[in-house]
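Visitor: Here it is, the structure, as structure tokens.
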Amino acid sequence: MNNRPNILIIQSDQHRIDCIGAYGNSEIQTPHLDALSADGIRYQQSFCPYPVCTPSRYSFLSGLYVHQHMGRSNRSTLSPVIPTFPRVLCDAGYQTKAVGKMHFTPTYLDVGFEEMLLAEQAGSGRYDDDYHRWLKEEGQFDQIDLIDQVQEYRQQTSAEYWDTVGAIESNLEEKYHSTTWIGDCAVESLSDWNHDRSHLLMVSFIKPHHPFDPPTPWSRMYDLNRLSLLPGYTDSPLQHDLDFHAGFFPYAEMTEEKIRGAMAYYYATISQIDHHLGRLIDCLKQKDLYDNTLILYNSDHGEYMGYHHLLLKGNYMYDPLIKVPLIIKYPDQTQAGTVSDALVNTIDAAPTLLKQTSCQVPETMMGLDLMDSADQREFVFAEAGRGSGYMARSKTRKLLLHHQENQSQFFDLEMDPYELNNLFFDPHWQDEVAAFREALFKWAMFDHPTHAYLDPTSAIIPARNAVHHDDGHRDEIYAYFKNKMKGNA
């Protein structure tokens with residue numbers, strides 16, 4: 001009998017923190033996340049280090065800030081010399097496996113998972129992964145996702161995609177949808193767990209990332225006219241937000257109806273993920289493994305979903321974008337039902353997981369052990385734009401510092417929780433602005449804008465399904481999906 005805890009990680013993509021019942025949203029249906037929160041600790045002040053997929057994911061794995069691991073874009077590589085918690089666990093005898101979206105370059109990058117069953121969305125990963133190869137075998141294609149993610153199809157699409165801001169019911173039956181495929185693969189993986197060995201399974205869903213395309217029956221779950229707009233909504237975009245970025249879906253053309261339509265389908269994709277989380281927990285309980293399994297739920301970054309009349313993630317590091325849900329059920333439900341208001345960062349996951357398994361935490365990891373109540377921080381930090389923008393945030397104040405100083409902002413979150421009143425140039429706040437600047441400079445004193453580290457030839461896992469980028473398979477997969485899209489035009 002092995003007494004070391006198993007680890008189950010469920011990661012979603014672009015999940016706004018207050019879009020979970022346990023975080024106070026009474027309209028979204030997330031019963032399994034709510035139950036997990038009741039068995040664990042819910043972190044109210046949880047932040048990602050970078051509001052873009054791949055950089056944040058590399059920080060989650062390595063316990064490093066993005067300017068330290070240099071994976072500063074969605075097309076970047078985590079250097080093989082950087083320790084990760086999956087590799088430490090693998091070396092310690094854990095069986096390590098990843099299912100779903102990893103967003104690596106190369107697609108099957110070896111970061112310590114012995115096995116990877118991938119469902120990718122962006123870039124060349126969708127032509128390498130297991131999910132799209134399976135869709136091809138089944139004669140299916142993810143039309144809405146292709147329109148949203150591949151520029152050549154997006155340029156040719158009908159007005160519906162733009163009019164609905166990508167909130168369109170999936171063309172796929174539920175059984176072919178990426179969420180279902182990931183959920184099915186994850187349940188099958190858990191079914192192989194036993195009491196003789198310790199296991200790590202990371203399950204990473206593509207959703208609720210746009211396009212907002214739930215399949216039926218999930219697409220019918222929420223009535224857009226009965227939903228309350230989320231906190232921080234404004235009737236129109238603010239001028240300084242428009243000056244910073246006009247929006248993937250133009251903010252100036254956004255309407256309440258469009259945001260409501262996106263919300264209804266966004267909620268549906270979250271509820272669909274929650275359903276599969278419930279399946280995973282049921283599987284653990286049936287195998288009598290639940291109590292000895294650490295379960296962690298988080299997201300790589302958030303989503304505006306109407307905040308300041310914005311959508312998606314292409315603007316300032318406002319709280320709905322940079323705050324992320326974090327729920328951890330520790331082995332034997334330690335501190336069940338606790339709510340923590342400590343300032344935490346995605347980089348804290350790696351050292352926390354390793355401490356729970358009694359593994360040595362590599363000296364490179366910069367995060368804190370979340371179970372060490374004495375280990376608290378005054379500020380939480382984040383960065384964006386490959387070194388052009390930074391955040392320093394306390395529990396009550398927030399600095400967004402940019403290389404172009406006219407873009408910088410400072411907020412008193414006690415009086416202005418929705419970040420509407422910029423105090424950066426206010427004479428009465430200059431002492432506090434200076435204190436936050438100093439903290440930020442000490443944190444990132446060696447940082448400067450650089451290119452992302454990229455090595456498409458970096459080592460991949462030695463598994464039969466792990467295809468090489470240059471073996472010719474991409475042409476065949478690309479041609480299949482292009483013909484499907486052409487036939488549907």
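Please note that chains go A, B, ... in the order of the structure tokens, that every chain numbers its residues from 1, and that ligands are numbered from 1 in the order shown.
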Report the residues of range 2-246 of chain A whose backbone DSSP state falls under strand (DSSP E), written as number ranges by chain.

Guide: A: 6-12, 41-47, 95-100, 115-118, 199-204

Visitor: Looking only at the backbone, which of the residues in range 26-59 of chain A does DSSP tag as alpha helix (DSSP H), as a list in words?

Guide: Pro31, His32, Leu33, Asp34, Ala35, Leu36, Ser37, Ala38, Asp39, Cys53, Thr54, Pro55, Ser56, Arg57, Tyr58 and Ser59 of chain A

Visitor: Kindly save the residues from that selection, with C-alpha atoms included, as a PDB file, in the first residue's frame.

Guide:
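Saved result, out_33.pdb, follows:
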ATOM      1  CA  PRO A  31     -22.599  21.657  -8.186  1.00  0.00           C
ATOM      2  CA  HIS A  32     -19.432  19.554  -8.349  1.00  0.00           C
ATOM      3  CA  LEU A  33     -17.062  22.515  -8.054  1.00  0.00           C
ATOM      4  CA  ASP A  34     -19.188  23.755  -5.165  1.00  0.00           C
ATOM      5  CA  ALA A  35     -18.937  20.357  -3.456  1.00  0.00           C
ATOM      6  CA  LEU A  36     -15.186  20.277  -4.041  1.00  0.00           C
ATOM      7  CA  SER A  37     -14.924  23.697  -2.411  1.00  0.00           C
ATOM      8  CA  ALA A  38     -16.885  22.386   0.592  1.00  0.00           C
ATOM      9  CA  ASP A  39     -14.328  19.582   0.951  1.00  0.00           C
ATOM     10  CA  CYS A  53      -2.431  30.700 -21.986  1.00  0.00           C
ATOM     11  CA  THR A  54       1.052  29.256 -22.545  1.00  0.00           C
ATOM     12  CA  PRO A  55       3.065  31.661 -20.357  1.00  0.00           C
ATOM     13  CA  SER A  56       0.722  31.066 -17.428  1.00  0.00           C
ATOM     14  CA  ARG A  57       0.781  27.293 -17.931  1.00  0.00           C
ATOM     15  CA  TYR A  58       4.575  27.219 -17.908  1.00  0.00           C
ATOM     16  CA  SER A  59       4.511  29.177 -14.641  1.00  0.00           C
TER      17      SER A  59
END

Visitor: Determine, for each residue of range 93-185 of chain A having at least one atom at most 8 Å from an atom of range 449-471 of chain A, the closest pair of atoms and their separation in Å to one decimal, counting only C-alpha atoms; order by chain and ascending number, as a tab-separated table.

Guide:
residue	atom	partner	partner_atom	distance
A:Thr105	CA	A:Pro456	CA	5.7
A:Pro106	CA	A:Pro456	CA	4.9
A:Thr107	CA	A:Ile460	CA	7.9
A:Tyr108	CA	A:Ile460	CA	5.1
A:Leu109	CA	A:Ile460	CA	4.3
A:Asp110	CA	A:Ile460	CA	4.6
A:Phe113	CA	A:Ile461	CA	7.4
A:Glu114	CA	A:Ile461	CA	6.6
A:Glu115	CA	A:Ala463	CA	6.8
A:Met116	CA	A:Ala466	CA	7.8
A:Leu117	CA	A:Asn465	CA	7.9
A:Asp128	CA	A:Val467	CA	6.4
A:Asp130	CA	A:Asn465	CA	7.3

Visitor: Could you dump the residues just selected with N, CA and C atoms as a compact mmCIF listing (two decimals), in the first residue's frame?

Guide:
# COMPACT_ATOMS: atom_id res chain seq x y z
N THR A 105 5.01 24.10 -27.26
CA THR A 105 5.80 24.02 -28.49
C THR A 105 7.14 23.39 -28.14
N PRO A 106 7.45 22.19 -28.70
CA PRO A 106 6.62 21.37 -29.59
C PRO A 106 5.41 20.80 -28.85
N THR A 107 4.45 20.29 -29.61
CA THR A 107 3.16 19.91 -29.05
C THR A 107 3.29 18.92 -27.90
N TYR A 108 4.16 17.91 -28.05
CA TYR A 108 4.32 16.89 -27.01
C TYR A 108 5.60 17.11 -26.20
N LEU A 109 5.89 18.39 -25.93
CA LEU A 109 7.07 18.77 -25.15
C LEU A 109 7.17 17.96 -23.86
N ASP A 110 8.35 17.45 -23.59
CA ASP A 110 8.58 16.65 -22.39
C ASP A 110 8.83 17.57 -21.20
N PHE A 113 5.67 14.53 -18.00
CA PHE A 113 4.56 13.60 -18.14
C PHE A 113 5.02 12.40 -18.97
N GLU A 114 4.78 11.21 -18.42
CA GLU A 114 5.16 10.00 -19.16
C GLU A 114 4.23 9.76 -20.34
N GLU A 115 2.99 10.19 -20.20
CA GLU A 115 1.99 9.99 -21.25
C GLU A 115 1.18 11.27 -21.40
N MET A 116 0.83 11.60 -22.65
CA MET A 116 0.01 12.78 -22.92
C MET A 116 -1.01 12.43 -24.00
N LEU A 117 -2.28 12.66 -23.71
CA LEU A 117 -3.36 12.54 -24.69
C LEU A 117 -3.90 13.94 -24.89
N ASP A 128 -1.43 18.22 -34.71
CA ASP A 128 -0.59 17.18 -34.13
C ASP A 128 -1.35 16.29 -33.15
N ASP A 130 -4.05 14.25 -30.46
CA ASP A 130 -4.84 13.02 -30.51
C ASP A 130 -6.30 13.30 -30.85

Visitor: Would you kindly return, as a VMD selection string, each protein, DNA or RNA residue with an atom no farther than 10 Å from any atom of range 305-312 of chain A, considering only C-alpha atoms and excluding same-chain residues fewer than 2 positions away?

Guide: chain A and resid 14 to 16 19 165 209 to 211 229 to 238 241 to 242 246 to 252 254 to 256 258 to 260 262 to 263 266 302 to 303 314 to 315 318 to 321 418 to 420

Visitor: Which one of A:Leu289, A:Ala264, A:Leu296, A:Ile347 sits closest to Ser12 in chain A if you count only C-alpha atoms?

Guide: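 Among A:Leu289, A:Ala264, A:Leu296, A:Ile347, it is A:Leu296 that comes nearest to Ser12 in chain A.
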
Visitor: Can you pull out the residues contacting range 476-486 of chain A? Cut-off 7 Å, using only C-alpha atoms, and skip same-chain residues under 4 positions away; I want them as a ChimeraX atom specification.

Guide: /A:127,141,143

Visitor: Go ahead and dump the residues you just picked, C-alpha atoms, as a short mmCIF file (atom, residue, chain, number, x, y, z; two decimals), in the first residue's frame.

Guide:
data_model
loop_
_atom_site.label_atom_id
_atom_site.label_comp_id
_atom_site.auth_asym_id
_atom_site.auth_seq_id
_atom_site.Cartn_x
_atom_site.Cartn_y
_atom_site.Cartn_z
CA TYR A 127 -2.73 19.30 -36.47
CA PHE A 141 -14.69 18.52 -37.81
CA GLN A 143 -16.25 24.01 -37.56
#

Visitor: I need the residue nearest Arg87 in chain A from this list: A:Val380, A:Leu294, A:Ile20, A:Ala350. Use only C-alpha atoms for the distance.

Guide: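 Nearest candidate to Arg87 in chain A out of A:Val380, A:Leu294, A:Ile20, A:Ala350: A:Ala350.
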